[in-house]
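*Asks:* Mind having a look at this structure? Questions to follow.
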Amino acid sequence: MNSLNSEKELNQPLGVRILAFIGRVLVAISIPLIAFYVLYQGFLFLRDSNASRGIIAAVAIVWGVGGVALLYWVFNGLVERLPDSWRIRLLPFVFVGPALAILSWYLAIPTLRTFWLSLFGRDGPPKGFSILQQLASDSFVGLSNYTAVFTDRLMQEAFRNNLMWIIFGSTFSIIFGLIIAVLADRSSFEKLAKSLIFLPMAISFVGASVIWNFIYEYRPANQPQIGLLNSIVVSLGGTPQAWPQWVDIAPWNNLFLIVMVVWLQTGFTMVLFSAALKGIPEELMEAGRIDGANEFQVFFHIMIPYIRGTIISVWTTVVIFTLKIFDVVWVMTGGQFGTHVIATQFYRQSFTNQNSGYGSAIAIVLLIAVIPVMFYNLKQFREQEAF
Amino acid sequence: MKSGKRQKRLTSLFIINGTLLFLILIWTIPTLGIFVSSFRARDNIATSGWWRVFPYRDWQAVKEIDPNQAGLDANGVMKIEGVSGTFEEFRAGVGTPDGKQRITWIGNKRIGKIEVQEQVWSVDWNFTLDNYRQVLGGQDFEFKKPDGTIQVVPGDNMSGAFLNSLAVAIPSTVIPILIAAFAAYAFAWMQFPGRRFMFIVVIALLVVPLQIALVPILRDYKAIQLNGTFLAIWLAHAGFGLALATYLLYNYISGLPREILESAFIDGASHFTVFTSLVLPLSVPALASFAIFQFLWVWNDYLVALIFLGGNPEFELVTQRMAAIVGSRGSEWHLLTAGAFVSMALPLLVFFTMQRYFVRGLLAGSVKG
């Protein structure tokens, strides 16, 4: 297309060609300039304006979505005007560049920066100094934040609780997901059953906290109980409790929070198991039955081994999820009553206590915990080799 | 033999459906509880369990006795309708020997009355929309107490938070999808140096916990005065969702039929044209699955909003608003239940209308950092 244009232009007088060239350069420069100006004005408006919520929301949506599309269009237009050899070289980076820039700014580089912060005291490295000067400064504390992370009593409590979350959360989500998937597959109302079990996946942890707080709601023994759990307990002759806040049974009061995540996550495990179970050839199970296996034997000796791969990947997903659990604990108990987990400690140290060094060390510990999964993913990718 | 087998089939079907039904009930009752409660009048929620909307046996008066006229001495043992007991016992209610009736003293010793009660089937169907009005409204809300007095309480402005959540969730969903789709296209259909390495970085970042980024990003935002703005939170959500989006969309876009794209290139179409007019329309199923994923994630997110919007009450999102109500008015269940349902309405709608795409997205394999 470009070569056709240039052939046509070669036939035109020099003056016209120069004018056309200047015009093209002007367009090439002014469109991006106008685009950036509009985007910048939009940015200032959104940052500083006091307009009503509805207007800001509308401008925000148009500006945000339109702005990104505009940027791609402008950059593509610029690159398309370049000579062929440059265009081929640069175009891929117009496409892939923004993604990589954002990923670097938001995840890759922060990993290094957080590690760097974790080597310093509560206010981080002193500003305006070189790296060597920072290392020599008083705020450099080496690995002592990490020592603190592993010796602090509250952190040890958080590690213990997170371990409970991982063990009970993943086990029960997987067991219930499997049972429901198997049952639904043979029931007369599979679709409805799966939708209803899956439904909590759409609910936020804050919403789930309201739902479960209402179940755990505590009233003194002589008043009518409006919480379902206490109402059942009282009608069976027990004493009502504020379950997640029941310190006497710590650490087991964590189970009342873990139940909520099992309730939310089982839909996810069920959907994945259900798809995997449908992939088992019917002949395989039929052969087992003819050999005299009962349904339980078919389940344990044919189904489970067949979907082992799915179980492992679902398990890692749930483990990673429970490792980072935050909202539930923060809204339900705020980490009190012996329910702190790693992520709530991270929040408390980084933002409530403003101790960025300590908080960063906790974040790095979280990162280290997921590194095995990262390597497993990369190994899987390398084995595909199709890339 | 044959009928025995059929019998066995029937029992196993019964056990399967029965167990499943039981599990479904357990899974549904928590949500049902707050849904029902959100429509119950304020005082009903506070004094009785929500399951009272189902028929239950209640004591209702069939006969009233004035203690003064009956000449009863409230300080001693009294005999009423053939049953004897002290004032305290009657306050709690004393059953008649035949068990059908109960005699209860209502009020205090001096000006009280005695009711002869019988159990009748009843339901509490005193439903109202007041809870929603109060929780959605931004202004003061007038609320009429049962005794006729009017109490003014501030509204909770959930509708404002709802708009904010929309303004955050829509761009936070569309922006990463657009950026990721461009990148996925480049990974799938373009050759450039460092392509493999860059994709490995994307895969490695899939599971990186976002906690790692919060402190450095917050520092950057403060340095450029971006903290507390919509832009700040869109970019953050874009950044945290981008690895998964690129990965999922790459899997889909790289699987598109080669012939269609090649014939477009032969016709002289540029990469940009092929991408916008061919690849994007063909990838709608994958785009939709990720869109639902990301939308639910952003709408339901609390942590990211807390950190990057936390300082700005004007821009509070539904999750923050709800968490604030839980914190400050944790026992006002008429607000909590209605508020929770307002916050869930949109995700549930998206979920039910687009469940198919959502499940497909899950099955495409996804672990989010």
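Chain labels follow the order of the structure tokens: the first chain is A, the next B, and so on; residue numbering restarts at 1 in every chain, and ligands are counted from 1 in their shown order.
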Distance limit 6 Å, atoms considered: only C-alpha atoms. Which chain A residues sit that close to chain B? Return them as an mmCIF file with N, CA and C atoms, in the first residue's frame.
*Replies:*
data_model
loop_
_atom_site.group_PDB
_atom_site.id
_atom_site.type_symbol
_atom_site.label_atom_id
_atom_site.label_comp_id
_atom_site.auth_asym_id
_atom_site.auth_seq_id
_atom_site.Cartn_x
_atom_site.Cartn_y
_atom_site.Cartn_z
ATOM 1 N N ARG A 47 -9.137 14.251 38.166
ATOM 2 C CA ARG A 47 -8.373 14.308 39.400
ATOM 3 C C ARG A 47 -8.883 15.417 40.306
ATOM 4 N N ALA A 57 -18.651 9.963 36.855
ATOM 5 C CA ALA A 57 -18.660 8.553 36.471
ATOM 6 C C ALA A 57 -18.763 8.416 34.959
ATOM 7 N N ILE A 61 -15.867 6.889 32.455
ATOM 8 C CA ILE A 61 -15.998 5.708 31.607
ATOM 9 C C ILE A 61 -15.585 6.037 30.166
ATOM 10 N N GLY A 64 -11.738 6.828 30.091
ATOM 11 C CA GLY A 64 -10.889 5.667 30.351
ATOM 12 C C GLY A 64 -10.876 4.710 29.188
ATOM 13 N N VAL A 65 -12.062 4.336 28.737
ATOM 14 C CA VAL A 65 -12.146 3.336 27.686
ATOM 15 C C VAL A 65 -11.741 3.929 26.344
ATOM 16 N N PRO A 92 5.147 -4.546 16.360
ATOM 17 C CA PRO A 92 4.868 -5.480 17.466
ATOM 18 C C PRO A 92 4.931 -4.801 18.822
ATOM 19 N N PHE A 95 1.872 -3.018 19.819
ATOM 20 C CA PHE A 95 0.841 -3.938 20.290
ATOM 21 C C PHE A 95 1.141 -4.466 21.686
ATOM 22 N N VAL A 96 2.401 -4.868 21.890
ATOM 23 C CA VAL A 96 2.720 -5.572 23.126
ATOM 24 C C VAL A 96 3.262 -4.619 24.191
ATOM 25 N N ALA A 99 1.035 -3.402 27.354
ATOM 26 C CA ALA A 99 0.818 -4.493 28.305
ATOM 27 C C ALA A 99 2.061 -4.712 29.139
ATOM 28 N N ILE A 102 2.717 -1.807 31.614
ATOM 29 C CA ILE A 102 1.850 -1.847 32.797
ATOM 30 C C ILE A 102 2.231 -2.999 33.711
ATOM 31 N N LEU A 103 2.478 -4.169 33.103
ATOM 32 C CA LEU A 103 2.874 -5.314 33.932
ATOM 33 C C LEU A 103 4.168 -5.027 34.677
ATOM 34 N N TYR A 106 3.383 -2.420 37.454
ATOM 35 C CA TYR A 106 2.497 -2.855 38.543
ATOM 36 C C TYR A 106 2.877 -4.158 39.208
ATOM 37 N N LEU A 107 3.635 -5.034 38.533
ATOM 38 C CA LEU A 107 3.953 -6.293 39.200
ATOM 39 C C LEU A 107 5.444 -6.611 39.206
ATOM 40 N N PRO A 110 7.665 -3.724 41.060
ATOM 41 C CA PRO A 110 7.343 -3.670 42.492
ATOM 42 C C PRO A 110 7.889 -4.848 43.296
ATOM 43 N N THR A 111 8.021 -6.014 42.648
ATOM 44 C CA THR A 111 8.591 -7.143 43.368
ATOM 45 C C THR A 111 9.991 -6.795 43.860
ATOM 46 N N LEU A 183 -22.677 -36.046 42.422
ATOM 47 C CA LEU A 183 -24.119 -36.181 42.648
ATOM 48 C C LEU A 183 -24.912 -35.472 41.552
ATOM 49 N N SER A 187 -28.046 -36.575 39.064
ATOM 50 C CA SER A 187 -29.331 -36.170 39.628
ATOM 51 C C SER A 187 -30.290 -35.756 38.530
ATOM 52 N N ALA A 202 -20.404 -15.215 42.866
ATOM 53 C CA ALA A 202 -20.647 -13.852 42.393
ATOM 54 C C ALA A 202 -20.706 -12.862 43.554
ATOM 55 N N SER A 204 -19.357 -10.808 46.850
ATOM 56 C CA SER A 204 -18.079 -10.324 47.377
ATOM 57 C C SER A 204 -17.863 -10.841 48.792
ATOM 58 N N GLY A 207 -19.910 -8.820 51.116
ATOM 59 C CA GLY A 207 -21.286 -9.307 51.130
ATOM 60 C C GLY A 207 -21.410 -10.608 51.894
ATOM 61 N N ILE A 226 -31.891 -14.155 66.702
ATOM 62 C CA ILE A 226 -32.246 -13.925 65.310
ATOM 63 C C ILE A 226 -31.208 -14.518 64.359
ATOM 64 N N THR A 317 -4.853 -23.832 42.985
ATOM 65 C CA THR A 317 -5.584 -22.568 42.881
ATOM 66 C C THR A 317 -6.188 -22.178 44.222
ATOM 67 N N ALA A 363 5.140 -9.198 52.651
ATOM 68 C CA ALA A 363 4.736 -9.413 51.263
ATOM 69 C C ALA A 363 5.714 -10.342 50.549
ATOM 70 N N MET A 374 4.687 -21.003 40.691
ATOM 71 C CA MET A 374 5.191 -20.275 39.534
ATOM 72 C C MET A 374 6.079 -21.181 38.686
#
*Asks:* What residues in region 44-193 of chain B get the DSSP label strand (DSSP E)? Please answer as a PyMOL selection string.
*Replies:* chain B and resi 56-65+78-80+83-85+94-95+101-106+113-122+140-144+150-154
*Asks:* Choose the residue, out of B:Gln60, B:Ser159, B:Ser38, B:Gln69, that has the smallest atom-to-atom separation from Phe127 (chain B); count only C-alpha atoms.
*Replies:*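 Closest to Phe127 (chain B), using only C-alpha atoms: B:Ser38.
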*Asks:* Could you name the residues that touch region 340-350 of chain A at 7 Å or less, counting only C-alpha atoms, but leaving out those on the same chain fewer than 4 positions away, as a count of residues only?
*Replies:* 18
*Asks:* Write out as an MDAnalysis selection string the set of residues from region 130-320 of chain B that DSSP, computed on the backbone, places in alpha helix (DSSP H).
*Replies:* chainID B and resid 130:136 158:189 195:205 211:223 230:253 258:266 271:274 280:282 284:300 303:308 318:320
*Asks:* With C-alpha atoms kept, could you save the residues just selected as a compact mmCIF listing (two decimals), in the first residue's frame?
*Replies:*
# COMPACT_ATOMS: atom_id res chain seq x y z
CA ASP B 130 -38.15 1.00 53.60
CA ASN B 131 -34.80 -0.70 54.20
CA TYR B 132 -33.84 -0.24 50.58
CA ARG B 133 -35.04 3.35 50.58
CA GLN B 134 -32.92 4.16 53.56
CA VAL B 135 -29.82 2.38 52.44
CA LEU B 136 -29.94 3.82 48.92
CA MET B 158 -25.58 3.20 48.61
CA SER B 159 -26.76 4.63 45.28
CA GLY B 160 -23.79 6.98 45.17
CA ALA B 161 -21.47 4.11 46.00
CA PHE B 162 -23.19 2.04 43.33
CA LEU B 163 -22.43 4.69 40.69
CA ASN B 164 -18.83 4.89 41.86
CA SER B 165 -18.49 1.14 41.64
CA LEU B 166 -19.81 1.25 38.08
CA ALA B 167 -17.38 4.01 37.17
CA VAL B 168 -14.56 1.91 38.58
CA ALA B 169 -15.64 -1.50 37.33
CA ILE B 170 -16.43 -0.75 33.68
CA PRO B 171 -13.12 0.85 32.68
CA SER B 172 -11.24 -1.54 34.98
CA THR B 173 -12.74 -4.33 32.91
CA VAL B 174 -12.49 -2.87 29.41
CA ILE B 175 -9.02 -1.33 29.67
CA PRO B 176 -7.10 -4.49 30.57
CA ILE B 177 -9.05 -6.50 28.02
CA LEU B 178 -8.16 -4.09 25.23
CA ILE B 179 -4.50 -3.91 26.25
CA ALA B 180 -4.28 -7.66 26.75
CA ALA B 181 -5.96 -8.40 23.43
CA PHE B 182 -3.39 -6.29 21.56
CA ALA B 183 -0.58 -8.04 23.41
CA ALA B 184 -2.09 -11.50 22.91
CA TYR B 185 -2.42 -10.80 19.20
CA ALA B 186 1.23 -9.75 19.00
CA PHE B 187 2.34 -12.87 20.87
CA ALA B 188 0.25 -15.08 18.63
CA TRP B 189 0.70 -13.56 15.19
CA ARG B 195 8.82 -12.62 22.30
CA ARG B 196 9.36 -15.87 24.17
CA PHE B 197 11.02 -14.19 27.12
CA MET B 198 8.21 -11.65 27.44
CA PHE B 199 5.60 -14.37 27.44
CA ILE B 200 7.49 -16.28 30.12
CA VAL B 201 7.38 -13.10 32.22
CA VAL B 202 3.60 -12.95 31.73
CA ILE B 203 3.23 -16.56 32.91
CA ALA B 204 5.50 -16.00 35.89
CA LEU B 205 3.45 -12.96 36.92
CA GLN B 211 0.18 -7.46 47.99
CA ILE B 212 3.72 -7.24 46.70
CA ALA B 213 2.85 -4.18 44.62
CA LEU B 214 0.72 -2.15 46.99
CA VAL B 215 3.36 -0.24 48.92
CA PRO B 216 5.56 0.79 45.94
CA ILE B 217 2.55 1.71 43.81
CA LEU B 218 1.05 3.78 46.60
CA ARG B 219 4.35 5.67 46.83
CA ASP B 220 4.28 6.37 43.09
CA TYR B 221 0.68 7.52 43.28
CA LYS B 222 1.42 9.88 46.10
CA ALA B 223 4.40 11.26 44.19
CA PHE B 230 -10.52 6.77 39.45
CA LEU B 231 -7.53 6.65 37.14
CA ALA B 232 -5.38 5.29 39.94
CA ILE B 233 -7.65 2.38 40.62
CA TRP B 234 -8.30 1.56 36.95
CA LEU B 235 -4.61 1.32 36.26
CA ALA B 236 -4.11 -0.78 39.37
CA HIS B 237 -6.85 -3.21 38.39
CA ALA B 238 -5.55 -3.25 34.83
CA GLY B 239 -2.09 -4.06 36.11
CA PHE B 240 -3.26 -6.82 38.43
CA GLY B 241 -5.60 -8.42 35.87
CA LEU B 242 -3.41 -8.05 32.81
CA ALA B 243 -1.25 -11.17 33.18
CA LEU B 244 -4.27 -13.45 33.39
CA ALA B 245 -6.05 -11.58 30.58
CA THR B 246 -3.05 -11.82 28.25
CA TYR B 247 -2.61 -15.50 29.03
CA LEU B 248 -6.27 -16.43 28.49
CA LEU B 249 -6.65 -14.34 25.34
CA TYR B 250 -3.38 -15.67 23.92
CA ASN B 251 -4.67 -19.21 24.32
CA TYR B 252 -7.76 -18.28 22.37
CA ILE B 253 -6.33 -15.96 19.72
CA ARG B 258 -4.58 -19.46 10.26
CA GLU B 259 -6.19 -19.36 6.78
CA ILE B 260 -8.64 -16.57 7.63
CA LEU B 261 -5.91 -14.25 8.87
CA GLU B 262 -3.51 -15.11 6.07
CA SER B 263 -6.04 -14.37 3.37
CA ALA B 264 -6.64 -10.98 4.97
CA PHE B 265 -2.91 -10.21 4.91
CA ILE B 266 -2.72 -11.23 1.25
CA HIS B 271 -2.09 -5.81 11.41
CA PHE B 272 -4.23 -3.12 12.97
CA THR B 273 -7.09 -3.74 10.53
CA VAL B 274 -6.85 -7.50 10.93
CA LEU B 280 -11.61 -8.94 17.98
CA PRO B 281 -14.99 -10.05 16.58
CA LEU B 282 -13.84 -13.67 16.38
CA VAL B 284 -15.86 -12.38 21.52
CA PRO B 285 -16.41 -15.59 23.55
CA ALA B 286 -12.96 -15.34 25.14
CA LEU B 287 -13.29 -11.61 25.66
CA ALA B 288 -16.66 -12.14 27.32
CA SER B 289 -15.36 -14.83 29.67
CA PHE B 290 -12.54 -12.69 30.84
CA ALA B 291 -14.77 -9.61 31.02
CA ILE B 292 -17.12 -11.36 33.44
CA PHE B 293 -14.22 -12.61 35.46
CA GLN B 294 -12.62 -9.23 35.75
CA PHE B 295 -15.90 -7.39 36.29
CA LEU B 296 -16.87 -9.63 39.21
CA TRP B 297 -13.38 -9.40 40.59
CA VAL B 298 -13.26 -5.61 40.45
CA TRP B 299 -16.81 -5.12 41.69
CA ASN B 300 -16.21 -7.42 44.63
CA LEU B 303 -8.41 -4.44 49.32
CA VAL B 304 -7.35 -2.51 46.21
CA ALA B 305 -10.15 0.03 46.70
CA LEU B 306 -9.25 0.40 50.36
CA ILE B 307 -5.69 1.34 49.52
CA PHE B 308 -6.00 3.44 46.37
CA VAL B 318 -20.12 -0.47 47.41
CA THR B 319 -17.73 -2.87 49.14
CA GLN B 320 -16.20 -0.04 51.15
*Asks:* For Ala208 (chain A), list every protein, DNA or RNA residue within 10 Å, evaluated using only C-alpha atoms, and leave out those in the same chain fewer than 4 positions away; present the list as an NGL selection string.
*Replies:* (:A and (200-201 or 203-204 or 212-214 or 260-261 or 263-264 or 327-328 or 331-332)) or (:B and (30-31 or 340 or 344))
*Asks:* Neighbours of region 234-245 of chain A within 8 Å (only C-alpha atoms; same-chain residues fewer than 5 positions away dropped), as a list in words?
*Replies:* Tyr216, Glu217, Tyr218, Arg219, Pro220, Ala221, Asn253, Asn254, Leu255, Phe256, Leu257, Met332, Thr333, Gln336 and Phe337 of chain A
*Asks:* How many Å separate CA of Thr352 (chain A) from CA of Val247 (chain A)?
*Replies:*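 Spanning CA of Thr352 (chain A) to CA of Val247 (chain A) is a straight-line distance of 23.6 Å.
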*Asks:* What is the distance between CA of Ile224 (chain B) and CA of Leu44 (chain A), in Å to one decimal?
*Replies:*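 If I compute the distance from CA of Ile224 (chain B) to CA of Leu44 (chain A), I get 11.9 Å.
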*Asks:* With only C-alpha atoms as the basis for distance, which of A:Val141, A:Ala20, A:Gly67, A:Pro13 is at the shortest distance from Tyr37 (chain A)?
*Replies:*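 Nearest candidate to Tyr37 (chain A) out of A:Val141, A:Ala20, A:Gly67, A:Pro13: A:Gly67.
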*Asks:* How many Å separate CA of Glu295 (chain A) from CA of Lys278 (chain A)?
*Replies:*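 Those two atoms sit 16.2 Å apart.
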